>>> print(open('upload34.txt').read())   # compact mmCIF, C-alpha atoms and all ligand atoms
# COMPACT_ATOMS: atom_id res chain seq x y z
CA MET A 1008 -18.22 8.38 43.28
CA LYS A 1009 -15.66 11.16 43.04
CA LEU A 1010 -13.16 8.62 41.84
CA VAL A 1011 -15.52 7.46 39.09
CA LYS A 1012 -16.07 11.05 37.92
CA THR A 1013 -12.33 11.68 37.73
CA VAL A 1014 -11.80 8.53 35.77
CA ALA A 1015 -14.65 9.42 33.38
CA ALA A 1016 -13.30 12.96 32.91
CA THR A 1017 -9.84 11.64 32.17
CA ALA A 1018 -11.28 9.22 29.66
CA VAL A 1019 -13.16 12.04 27.89
CA LEU A 1020 -10.04 14.22 27.88
CA GLY A 1021 -8.08 11.31 26.56
CA VAL A 1022 -10.47 10.85 23.69
CA LEU A 1023 -10.53 14.59 22.93
CA GLY A 1024 -6.77 14.70 23.05
CA MET A 1025 -6.65 11.86 20.61
CA ALA A 1026 -9.20 13.49 18.33
CA GLY A 1027 -7.13 16.70 18.46
CA SER A 1028 -4.00 15.02 17.22
CA ALA A 1029 -5.96 13.10 14.64
CA GLY A 1030 -8.11 16.05 13.54
CA ALA A 1031 -7.83 18.30 10.50
CA ALA A 1032 -4.72 20.32 9.60
CA THR A 1033 -2.55 17.28 9.14
CA LEU A 1034 -0.40 19.31 6.72
CA GLU A 1035 0.29 21.87 9.46
CA ASP A 1036 1.07 19.13 12.00
CA VAL A 1037 3.40 17.43 9.55
CA GLN A 1038 5.17 20.70 8.70
CA LYS A 1039 5.56 21.49 12.40
CA LYS A 1040 7.13 18.16 13.28
CA GLY A 1041 9.27 18.19 10.13
CA HIS A 1042 8.42 14.75 8.76
CA VAL A 1043 5.61 12.53 7.50
CA GLN A 1044 4.87 9.57 9.79
CA CYS A 1045 4.01 6.69 7.53
CA GLY A 1046 2.49 3.36 8.59
CA VAL A 1047 4.04 0.43 6.72
CA SER A 1048 4.13 -3.35 7.06
CA GLN A 1049 6.48 -5.16 9.39
CA GLY A 1050 8.51 -6.36 6.42
CA LEU A 1051 7.07 -7.30 3.06
CA PRO A 1052 9.80 -7.52 0.39
CA GLY A 1053 9.18 -5.22 -2.58
CA PHE A 1054 6.44 -3.25 -0.81
CA SER A 1055 7.81 -2.08 2.53
CA ASN A 1056 10.89 -3.75 3.86
CA PRO A 1057 14.08 -2.58 5.57
CA ASP A 1058 17.21 -3.02 3.38
CA THR A 1059 20.47 -4.42 4.81
CA ALA A 1060 21.29 -0.98 6.27
CA GLY A 1061 17.85 -0.73 7.89
CA ASN A 1062 16.46 1.82 5.41
CA TRP A 1063 12.85 1.20 4.43
CA GLU A 1064 12.28 0.58 0.73
CA GLY A 1065 9.58 -0.63 -1.64
CA LEU A 1066 6.58 0.42 -3.69
CA ASP A 1067 4.52 1.35 -0.61
CA VAL A 1068 7.50 3.12 0.96
CA ASP A 1069 7.95 5.19 -2.23
CA LEU A 1070 4.42 6.54 -1.78
CA CYS A 1071 5.42 7.75 1.71
CA ARG A 1072 8.57 9.31 0.28
CA ALA A 1073 6.54 10.93 -2.50
CA VAL A 1074 4.30 12.66 0.06
CA ALA A 1075 7.43 13.91 1.90
CA ALA A 1076 8.90 15.18 -1.40
CA ALA A 1077 5.62 16.99 -2.19
CA VAL A 1078 5.37 18.60 1.26
CA PHE A 1079 9.02 19.31 2.10
CA GLY A 1080 10.82 19.12 -1.25
CA ASP A 1081 12.79 16.37 0.48
CA ALA A 1082 11.82 12.72 0.09
CA SER A 1083 13.92 11.76 3.12
CA LYS A 1084 11.68 13.65 5.57
CA VAL A 1085 9.64 10.60 6.46
CA LYS A 1086 9.61 8.20 9.41
CA PHE A 1087 8.17 4.72 9.32
CA SER A 1088 5.94 2.89 11.78
CA PRO A 1089 5.92 -0.87 11.13
CA LEU A 1090 2.39 -2.13 11.82
CA SER A 1091 0.75 -5.54 11.79
CA ALA A 1092 -2.45 -5.93 9.79
CA LYS A 1093 -4.44 -5.84 13.04
CA GLU A 1094 -2.76 -2.67 14.38
CA ARG A 1095 -2.81 -0.57 11.23
CA PHE A 1096 -6.26 1.08 11.34
CA THR A 1097 -6.09 2.09 15.01
CA ALA A 1098 -2.66 3.61 14.38
CA LEU A 1099 -4.15 5.77 11.62
CA GLN A 1100 -7.37 6.64 13.49
CA SER A 1101 -5.49 7.71 16.63
CA GLY A 1102 -3.10 9.98 14.75
CA GLU A 1103 -0.04 7.84 15.42
CA VAL A 1104 0.60 7.87 11.66
CA ASP A 1105 -0.33 10.51 9.07
CA VAL A 1106 -0.80 8.06 6.25
CA LEU A 1107 -0.96 4.29 5.96
CA SER A 1108 0.81 2.79 2.95
CA ARG A 1109 0.78 -0.90 3.61
CA ASN A 1110 -0.74 -3.29 1.07
CA THR A 1111 -4.18 -2.36 2.37
CA THR A 1112 -7.30 -3.35 0.45
CA TRP A 1113 -9.91 -0.68 -0.23
CA THR A 1114 -13.28 -1.99 0.98
CA LEU A 1115 -16.62 -0.36 1.77
CA VAL A 1116 -16.43 -1.02 5.52
CA ARG A 1117 -12.90 0.36 5.87
CA ASP A 1118 -13.81 3.41 3.77
CA THR A 1119 -16.90 4.19 5.89
CA ALA A 1120 -17.28 2.56 9.31
CA LEU A 1121 -13.55 2.79 10.11
CA GLY A 1122 -13.53 6.54 9.35
CA LEU A 1123 -10.94 6.31 6.60
CA ASN A 1124 -10.41 7.49 3.03
CA PHE A 1125 -8.52 5.55 0.40
CA ALA A 1126 -6.43 7.93 -1.69
CA GLY A 1127 -6.17 5.65 -4.72
CA VAL A 1128 -4.77 2.29 -5.75
CA ASN A 1129 -1.01 1.77 -6.09
CA TYR A 1130 -1.33 -1.98 -6.74
CA TYR A 1131 -4.30 -3.89 -8.18
CA ASP A 1132 -4.17 -7.38 -6.74
CA GLY A 1133 -6.23 -10.46 -5.89
CA GLN A 1134 -5.98 -13.29 -3.36
CA GLY A 1135 -4.29 -16.58 -4.14
CA PHE A 1136 -3.24 -19.85 -2.52
CA MET A 1137 0.21 -21.41 -2.20
CA VAL A 1138 0.88 -25.09 -1.50
CA ARG A 1139 3.90 -27.37 -1.40
CA LYS A 1140 4.62 -28.74 -4.88
CA ASP A 1141 4.87 -32.31 -3.64
CA LEU A 1142 1.22 -32.24 -2.54
CA GLY A 1143 0.39 -32.45 -6.25
CA VAL A 1144 -2.60 -30.10 -5.88
CA LYS A 1145 -3.52 -28.35 -9.13
CA SER A 1146 -6.58 -26.30 -8.20
CA ALA A 1147 -7.99 -24.53 -5.15
CA LYS A 1148 -11.12 -26.65 -5.60
CA GLU A 1149 -9.05 -29.62 -4.36
CA LEU A 1150 -8.38 -27.98 -0.99
CA GLY A 1151 -11.30 -29.56 0.93
CA GLY A 1152 -10.17 -30.54 4.46
CA ALA A 1153 -6.92 -28.52 4.23
CA SER A 1154 -5.44 -26.44 7.04
CA VAL A 1155 -4.79 -22.87 5.89
CA CYS A 1156 -2.29 -20.41 7.41
CA VAL A 1157 -3.55 -16.82 7.40
CA ASN A 1158 -3.01 -13.36 8.91
CA ILE A 1159 -5.60 -12.07 11.35
CA GLY A 1160 -7.28 -8.69 10.67
CA THR A 1161 -7.14 -9.00 6.89
CA THR A 1162 -9.52 -9.29 3.99
CA THR A 1163 -7.65 -12.55 3.35
CA GLU A 1164 -9.36 -14.18 6.32
CA LEU A 1165 -12.82 -13.11 5.14
CA ASN A 1166 -12.33 -14.07 1.47
CA MET A 1167 -11.01 -17.45 2.50
CA ALA A 1168 -14.17 -18.10 4.53
CA ASP A 1169 -16.33 -17.01 1.56
CA PHE A 1170 -14.41 -19.20 -0.86
CA PHE A 1171 -14.64 -22.40 1.17
CA ARG A 1172 -18.28 -21.80 2.03
CA ALA A 1173 -19.25 -21.02 -1.57
CA ASN A 1174 -17.51 -24.20 -2.76
CA LYS A 1175 -18.93 -26.29 0.11
CA LEU A 1176 -15.45 -27.32 1.25
CA ASP A 1177 -14.27 -27.88 4.84
CA TYR A 1178 -11.07 -26.20 5.98
CA LYS A 1179 -9.18 -25.41 9.14
CA PRO A 1180 -7.92 -21.84 9.53
CA VAL A 1181 -4.62 -21.44 11.41
CA VAL A 1182 -4.37 -17.72 12.29
CA PHE A 1183 -1.53 -15.50 13.51
CA GLU A 1184 -1.12 -11.76 13.99
CA LYS A 1185 2.39 -11.36 12.64
CA ALA A 1186 3.00 -12.15 8.98
CA ASP A 1187 6.34 -13.78 9.72
CA GLU A 1188 4.59 -16.19 12.11
CA VAL A 1189 2.23 -17.17 9.29
CA VAL A 1190 5.13 -17.79 6.92
CA ALA A 1191 7.13 -19.74 9.52
CA ALA A 1192 4.10 -21.90 10.39
CA TYR A 1193 3.46 -22.69 6.74
CA ASP A 1194 7.15 -23.38 6.08
CA SER A 1195 7.38 -25.77 9.02
CA GLY A 1196 4.39 -27.75 7.74
CA ARG A 1197 1.84 -26.65 10.35
CA CYS A 1198 -0.60 -26.03 7.53
CA ASP A 1199 -1.10 -27.29 4.00
CA VAL A 1200 -1.89 -23.93 2.45
CA TYR A 1201 -0.73 -20.30 2.73
CA THR A 1202 -3.17 -17.69 1.48
CA THR A 1203 -2.76 -13.94 0.97
CA ASP A 1204 -2.70 -11.35 -1.84
CA ARG A 1205 -0.84 -12.76 -4.87
CA SER A 1206 1.77 -9.99 -4.53
CA GLY A 1207 2.18 -11.03 -0.89
CA LEU A 1208 2.69 -14.65 -1.94
CA ALA A 1209 5.43 -13.55 -4.38
CA ALA A 1210 7.07 -11.50 -1.62
CA GLN A 1211 6.74 -13.93 1.30
CA ARG A 1212 7.79 -16.95 -0.75
CA LEU A 1213 11.31 -15.40 -0.76
CA LYS A 1214 11.43 -16.10 2.99
CA LEU A 1215 10.71 -19.85 2.62
CA LYS A 1216 13.53 -22.39 3.04
CA ASP A 1217 12.96 -23.67 -0.49
CA PRO A 1218 10.99 -21.08 -2.48
CA LYS A 1219 10.96 -23.29 -5.58
CA GLY A 1220 9.33 -26.15 -3.68
CA HIS A 1221 5.97 -24.34 -3.68
CA VAL A 1222 3.34 -23.43 -6.26
CA VAL A 1223 0.73 -20.70 -6.44
CA LEU A 1224 -2.58 -22.19 -7.57
CA PRO A 1225 -4.28 -20.66 -10.65
CA GLU A 1226 -7.39 -19.30 -8.89
CA THR A 1227 -7.62 -15.63 -7.89
CA ILE A 1228 -10.49 -15.59 -5.42
CA SER A 1229 -10.98 -11.86 -4.77
CA LYS A 1230 -10.29 -8.28 -5.81
CA GLU A 1231 -7.61 -6.61 -3.69
CA PRO A 1232 -7.17 -2.99 -4.72
CA LEU A 1233 -4.27 -1.92 -2.47
CA GLY A 1234 -3.63 1.73 -1.73
CA PRO A 1235 -2.68 4.50 0.66
CA VAL A 1236 -5.15 5.50 3.37
CA VAL A 1237 -5.82 8.66 5.43
CA ARG A 1238 -8.32 9.60 8.12
CA HIS A 1239 -11.74 11.07 7.43
CA GLY A 1240 -12.04 14.77 8.18
CA ASP A 1241 -9.04 16.36 6.47
CA ASP A 1242 -9.76 16.94 2.80
CA GLN A 1243 -6.56 18.84 2.14
CA TRP A 1244 -4.36 16.01 3.41
CA PHE A 1245 -6.50 13.51 1.51
CA ASP A 1246 -5.88 15.59 -1.66
CA ILE A 1247 -2.13 15.74 -1.05
CA VAL A 1248 -1.77 11.98 -0.68
CA LYS A 1249 -4.12 11.30 -3.61
CA TRP A 1250 -2.29 13.69 -5.98
CA SER A 1251 1.13 12.46 -4.89
CA LEU A 1252 0.10 9.06 -6.23
CA TYR A 1253 -1.42 10.59 -9.39
CA CYS A 1254 1.77 12.59 -9.96
CA MET A 1255 3.77 9.34 -9.98
CA LEU A 1256 1.28 7.75 -12.34
CA GLU A 1257 0.76 10.64 -14.73
CA THR A 1258 4.45 11.45 -15.08
CA GLU A 1259 5.00 7.84 -16.17
CA GLU A 1260 2.17 8.17 -18.67
CA TYR A 1261 3.85 11.25 -20.20
CA GLY A 1262 7.39 9.85 -20.16
CA VAL A 1263 8.78 11.98 -17.34
CA ASN A 1264 11.17 10.19 -14.97
CA SER A 1265 13.83 10.84 -12.35
CA LYS A 1266 16.55 11.01 -15.01
CA ASN A 1267 14.94 13.39 -17.49
CA ALA A 1268 12.95 15.58 -15.06
CA ASP A 1269 15.51 18.44 -15.15
CA ASP A 1270 15.78 18.37 -18.92
CA MET A 1271 11.97 18.29 -19.22
CA LYS A 1272 11.67 21.17 -16.79
CA ALA A 1273 14.11 23.26 -18.82
CA ASN A 1274 13.01 22.37 -22.33
CA THR A 1275 9.59 20.77 -22.72
CA THR A 1276 6.82 22.60 -24.53
CA ASP A 1277 4.20 19.93 -23.70
CA PRO A 1278 1.54 21.76 -21.65
CA VAL A 1279 0.68 18.63 -19.59
CA ILE A 1280 4.29 18.11 -18.53
CA ARG A 1281 4.66 21.85 -17.89
CA ARG A 1282 1.73 21.61 -15.45
CA GLN A 1283 3.14 18.46 -13.82
CA LEU A 1284 6.54 20.08 -13.29
CA GLY A 1285 5.18 23.40 -12.05
CA MET A 1286 6.00 25.72 -14.95
CA GLU A 1287 2.35 26.31 -15.77
CA GLY A 1288 -0.95 26.41 -13.91
CA ASP A 1289 0.40 26.52 -10.35
CA MET A 1290 -1.16 23.18 -9.43
CA GLY A 1291 0.72 23.07 -6.11
CA LYS A 1292 -1.10 26.13 -4.77
CA ASN A 1293 -4.39 24.25 -4.94
CA LEU A 1294 -2.92 21.61 -2.66
CA GLY A 1295 -1.37 24.14 -0.27
CA LEU A 1296 2.08 23.18 -1.58
CA GLY A 1297 4.82 24.82 -3.62
CA PRO A 1298 4.92 24.75 -7.46
CA ASP A 1299 7.60 22.03 -7.46
CA TRP A 1300 5.58 19.44 -5.50
CA CYS A 1301 5.33 16.96 -8.40
CA TYR A 1302 8.75 17.79 -9.87
CA ASN A 1303 10.24 16.92 -6.46
CA ILE A 1304 8.37 13.61 -6.42
CA VAL A 1305 9.46 12.49 -9.87
CA LYS A 1306 13.02 13.82 -9.48
CA GLN A 1307 13.64 12.32 -6.03
CA VAL A 1308 11.40 9.24 -5.92
CA GLY A 1309 10.68 8.53 -9.60
CA ASN A 1310 7.53 7.87 -11.55
CA TYR A 1311 5.24 4.89 -10.82
CA GLY A 1312 6.85 2.67 -13.46
CA GLU A 1313 10.36 3.33 -12.12
CA SER A 1314 9.27 2.41 -8.63
CA TYR A 1315 7.38 -0.68 -9.85
CA ASP A 1316 10.32 -1.96 -11.92
CA LYS A 1317 12.80 -1.34 -9.12
CA TYR A 1318 10.95 -3.12 -6.35
CA VAL A 1319 8.37 -5.60 -7.62
CA GLY A 1320 8.76 -5.86 -11.42
CA GLU A 1321 9.85 -8.77 -13.59
CA LYS A 1322 13.55 -8.11 -13.01
CA THR A 1323 13.21 -8.24 -9.21
CA PRO A 1324 13.04 -11.40 -7.06
CA LEU A 1325 9.24 -10.90 -6.85
CA GLY A 1326 9.04 -11.02 -10.66
CA LEU A 1327 5.57 -9.46 -10.97
CA SER A 1328 4.55 -8.48 -14.50
CA ARG A 1329 2.71 -5.16 -14.82
CA GLY A 1330 -0.61 -6.87 -15.66
CA LEU A 1331 -3.50 -4.81 -14.29
CA ASN A 1332 -0.95 -2.29 -13.03
CA ALA A 1333 0.12 -1.25 -16.52
CA GLN A 1334 -1.05 2.17 -17.67
CA TRP A 1335 -4.60 2.31 -19.08
CA ASN A 1336 -3.19 2.91 -22.61
CA LYS A 1337 -0.81 -0.05 -22.30
CA GLY A 1338 -3.35 -2.76 -21.46
CA GLY A 1339 -3.69 -2.12 -17.72
CA ILE A 1340 -6.11 -0.19 -15.51
CA GLN A 1341 -3.74 2.32 -13.87
CA TYR A 1342 -5.30 5.64 -14.83
CA ALA A 1343 -4.20 8.90 -13.24
CA MET A 1344 -6.71 11.70 -12.99
CA PRO A 1345 -5.38 14.69 -14.96
CA VAL A 1346 -3.04 17.14 -13.23
CA ARG A 1347 -4.79 20.27 -14.44
N1 LIG B 1 -4.57 -6.71 1.53
C1 LIG B 1 -5.03 -7.44 2.69
C2 LIG B 1 -3.92 -8.22 3.40
C3 LIG B 1 -2.86 -7.34 3.95
C4 LIG B 1 -1.82 -8.01 4.87
O1 LIG B 1 -1.58 -7.53 5.98
N2 LIG B 1 -1.18 -9.08 4.42
C5 LIG B 1 -0.12 -9.71 5.20
C6 LIG B 1 0.31 -10.98 4.50
S1 LIG B 1 1.17 -10.67 2.98
C7 LIG B 1 1.05 -8.74 5.33
O2 LIG B 1 1.13 -7.76 4.68
N3 LIG B 1 2.00 -8.98 6.09
C8 LIG B 1 3.20 -8.18 6.12
C9 LIG B 1 3.44 -7.62 7.47
O3 LIG B 1 2.55 -7.65 8.33
O4 LIG B 1 4.54 -7.14 7.66
C10 LIG B 1 -5.72 -6.48 3.65
O5 LIG B 1 -5.67 -5.28 3.44
O6 LIG B 1 -6.33 -6.94 4.61
>>> encode(input="upload34.txt", output="structure tokens")
Amino acid sequence: MKLVKTVAATAVLGVLGMAGSAGAATLEDVQKKGHVQCGVSQGLPGFSNPDTAGNWEGLDVDLCRAVAAAVFGDASKVKFSPLSAKERFTALQSGEVDVLSRNTTWTLVRDTALGLNFAGVNYYDGQGFMVRKDLGVKSAKELGGASVCVNIGTTTELNMADFFRANKLDYKPVVFEKADEVVAAYDSGRCDVYTTDRSGLAAQRLKLKDPKGHVVLPETISKEPLGPVVRHGDDQWFDIVKWSLYCMLETEEYGVNSKNADDMKANTTDPVIRRQLGMEGDMGKNLGLGPDWCYNIVKQVGNYGESYDKYVGEKTPLGLSRGLNAQWNKGGIQYAMPVR
């Protein structure tokens, strides 16, 4: 009996301890430890992937670096935790990471029941299918009876089930936890189809033995708004992550970038840019940060368009056109809330 009580007490303490580390005042915790701990993927080219020297880079990684630039004035003050799709939410809930920036789709259940807040959308996407060219398949509607390789713990798994059920098609899911296992299984012919976000298909196809030997089918079967995530219960940290993303987006909209940020800071008379770069309005104070929070982001990390072009855009191996991710006044739906 005594033993049971001790075990129960330890369990309660354990939970409280966990809640403590995952509770409010994330900004204070981050400042104390001297870095932002950012949850990323285990290696998704263009989004979060270690370069040849082992440094993490990509569109999702730049969001982590932006938060570090906003908080510390130093984009390098960030550490990365590579997480599988299945591990990612527990890592955030338990306080192991301060922010999750890992091609994660914003859904109602994740936003509520999982105790999380999505701080915006850094890539509007949708789910697609890839097959070997020599199969001669032209449409997803022809996939009846196919075996489909997929990652566990993803929206991908659920959308796939919806799609086949809605179209009254049989299929055989072949599931793995690690993304590289999914890719390897597909590449070795263990399944006919590989399904994930279209951006993921563009990224993972680079790992196939013969990337050109595969086609992405025309159907987009879901909405996948991908964005950074924080825990419920810390509005200030939520605001910091949210406005770090908006800073990247709104500076692009107003033509501020890493190369002209100093010149703009010294010479611009545009009131919007003056607020973005901290010469007017003291926006940083409202976030609990210094006046240069957004200047540091754009100077050290770049605006959204710079990051997009560098890592996933048409001139990169992923070759993704801006599409939905163009600015709202350039035919897309990326729309930063005003920094004012
Ligand atoms: N956006 C979907 C899928 C995310 C996902 O984890 N996709 C896999 C396949 S592209 C992945 O990112 N793997 C990379 C990794 O785990 O390193 C979700 O949020 O559930």
>>> residues_around(input="upload34.txt", residues="A:Ser1251", least_positions_apart="3", cutoff="12 Å", atoms="all atoms listed in the file", output="MDAnalysis selection string")
chainID A and resid 1069:1078 1082 1126:1129 1235 1244:1248 1254:1258 1283 1290:1291 1294 1296 1299:1305 1308:1311 1343:1344 1346
>>> residues_near_point(input="upload34.txt", point="(-10.1, 6.1, 5.3)", cutoff="8 Å", atoms="only C-alpha atoms", output="mmCIF file with C-alpha atoms, in the coordinates of the input")
data_model
loop_
_atom_site.group_PDB
_atom_site.id
_atom_site.type_symbol
_atom_site.label_atom_id
_atom_site.label_comp_id
_atom_site.auth_asym_id
_atom_site.auth_seq_id
_atom_site.Cartn_x
_atom_site.Cartn_y
_atom_site.Cartn_z
ATOM 1 C CA ARG A 1117 -12.900 0.360 5.870
ATOM 2 C CA ASP A 1118 -13.810 3.410 3.770
ATOM 3 C CA THR A 1119 -16.900 4.190 5.890
ATOM 4 C CA LEU A 1121 -13.550 2.790 10.110
ATOM 5 C CA GLY A 1122 -13.530 6.540 9.350
ATOM 6 C CA LEU A 1123 -10.940 6.310 6.600
ATOM 7 C CA ASN A 1124 -10.410 7.490 3.030
ATOM 8 C CA PHE A 1125 -8.520 5.550 0.400
ATOM 9 C CA VAL A 1236 -5.150 5.500 3.370
ATOM 10 C CA VAL A 1237 -5.820 8.660 5.430
ATOM 11 C CA ARG A 1238 -8.320 9.600 8.120
ATOM 12 C CA HIS A 1239 -11.740 11.070 7.430
#
>>> closest_atom_pairs(input="upload34.txt", of="chain A", to="ligand LIG 1 (chain B)", cutoff="7 Å", atoms="only C-alpha atoms and all ligand atoms", output="Markdown table")
| residue | atom | partner | partner_atom | distance |
| --- | --- | --- | --- | --- |
| A:Ser1048 | CA | B:LIG1 | O4 | 3.9 |
| A:Gln1049 | CA | B:LIG1 | O4 | 3.3 |
| A:Gly1050 | CA | B:LIG1 | O4 | 4.2 |
| A:Leu1051 | CA | B:LIG1 | C8 | 5.0 |
| A:Leu1090 | CA | B:LIG1 | O3 | 6.5 |
| A:Ser1091 | CA | B:LIG1 | O3 | 4.4 |
| A:Ala1092 | CA | B:LIG1 | O1 | 4.2 |
| A:Arg1109 | CA | B:LIG1 | O2 | 7.0 |
| A:Asn1110 | CA | B:LIG1 | N1 | 5.2 |
| A:Thr1111 | CA | B:LIG1 | O5 | 3.4 |
| A:Thr1112 | CA | B:LIG1 | O5 | 3.9 |
| A:Asn1158 | CA | B:LIG1 | C5 | 6.0 |
| A:Gly1160 | CA | B:LIG1 | O6 | 6.4 |
| A:Thr1161 | CA | B:LIG1 | O6 | 3.2 |
| A:Thr1162 | CA | B:LIG1 | O6 | 4.0 |
| A:Thr1163 | CA | B:LIG1 | C2 | 5.7 |
| A:Lys1185 | CA | B:LIG1 | O3 | 5.7 |
| A:Ala1186 | CA | B:LIG1 | N3 | 4.4 |
| A:Thr1203 | CA | B:LIG1 | S1 | 5.5 |
| A:Asp1204 | CA | B:LIG1 | N1 | 6.0 |
| A:Gly1207 | CA | B:LIG1 | S1 | 4.0 |
| A:Leu1208 | CA | B:LIG1 | S1 | 6.5 |
| A:Gln1211 | CA | B:LIG1 | S1 | 6.7 |
| A:Glu1231 | CA | B:LIG1 | N1 | 6.0 |
| A:Leu1233 | CA | B:LIG1 | N1 | 6.2 |
>>> atom_distance(input="upload34.txt", atom1="atom CA of A:Asn1062", atom2="atom CA of A:Asp1269")
26.5 Å
>>> closest_residue(input="upload34.txt", among="A:Gln1134, A:Gln1243, A:Thr1276, A:Asn1056", to="A:Glu1035", atoms="only C-alpha atoms")
A:Gln1243
>>> closest_residue(input="upload34.txt", among="A:Phe1087, A:Tyr1201, A:Tyr1193, A:Phe1096", to="A:Met1137", atoms="all atoms listed in the file")
A:Tyr1201
>>> atom_distance(input="upload34.txt", atom1="atom CA of A:Ala1273", atom2="atom CA of A:Glu1287")
12.5 Å
>>> atom_distance(input="upload34.txt", atom1="atom CA of A:Arg1281", atom2="atom CA of A:Gly1295")
18.8 Å
>>> residues_around(input="upload34.txt", residues="A:Ala1191", least_positions_apart="3", cutoff="10 Å", atoms="only C-alpha atoms", output="JSON, numbers by chain")
{"A": [1156, 1186, 1187, 1188, 1194, 1195, 1196, 1197, 1214, 1215, 1216]}
>>> closest_residue(input="upload34.txt", among="A:Asp1177, A:Asp1242, A:Asp1141, A:Asp1132", to="A:Asn1293", atoms="all atoms listed in the file")
A:Asp1242
>>> residues_near_point(input="upload34.txt", point="(-5.9, -29.8, 2.4)", cutoff="12 Å", atoms="only C-alpha atoms", output="PyMOL selection string")
chain A and resi 1136-1139+1142-1156+1171+1176-1180+1196-1201
>>> decode(input="upload34.txt", residues="stretch 1057-1062 of chain A", atoms="all heavy atoms", output="compact mmCIF listing (two decimals), in the first residue's frame")
# COMPACT_ATOMS: atom_id res chain seq x y z
N PRO A 1057 19.64 19.02 -42.31
CA PRO A 1057 21.02 19.43 -42.02
C PRO A 1057 21.83 19.55 -43.32
O PRO A 1057 21.69 18.69 -44.19
CB PRO A 1057 21.56 18.29 -41.14
CG PRO A 1057 20.58 17.18 -41.23
CD PRO A 1057 19.36 17.64 -41.96
N ASP A 1058 22.63 20.64 -43.46
CA ASP A 1058 23.48 20.78 -44.66
C ASP A 1058 24.69 19.85 -44.50
O ASP A 1058 24.78 19.10 -43.53
CB ASP A 1058 23.87 22.24 -44.90
CG ASP A 1058 24.82 22.79 -43.84
OD1 ASP A 1058 25.35 22.01 -43.01
OD2 ASP A 1058 25.04 24.01 -43.84
N THR A 1059 25.64 19.94 -45.44
CA THR A 1059 26.77 19.00 -45.42
C THR A 1059 27.61 19.15 -44.16
O THR A 1059 28.26 18.22 -43.71
CB THR A 1059 27.66 19.18 -46.67
OG1 THR A 1059 27.83 20.59 -46.87
CG2 THR A 1059 27.02 18.57 -47.90
N ALA A 1060 27.58 20.36 -43.56
CA ALA A 1060 28.34 20.59 -42.32
C ALA A 1060 27.51 20.28 -41.07
O ALA A 1060 27.96 20.47 -39.94
CB ALA A 1060 28.83 22.04 -42.28
N GLY A 1061 26.28 19.81 -41.28
CA GLY A 1061 25.44 19.46 -40.14
C GLY A 1061 24.63 20.62 -39.59
O GLY A 1061 23.99 20.50 -38.55
N ASN A 1062 24.66 21.78 -40.28
CA ASN A 1062 23.85 22.92 -39.82
C ASN A 1062 22.45 22.81 -40.40
O ASN A 1062 22.28 22.59 -41.60
CB ASN A 1062 24.47 24.24 -40.29
CG ASN A 1062 25.86 24.43 -39.73
OD1 ASN A 1062 26.09 24.25 -38.53
ND2 ASN A 1062 26.81 24.74 -40.61
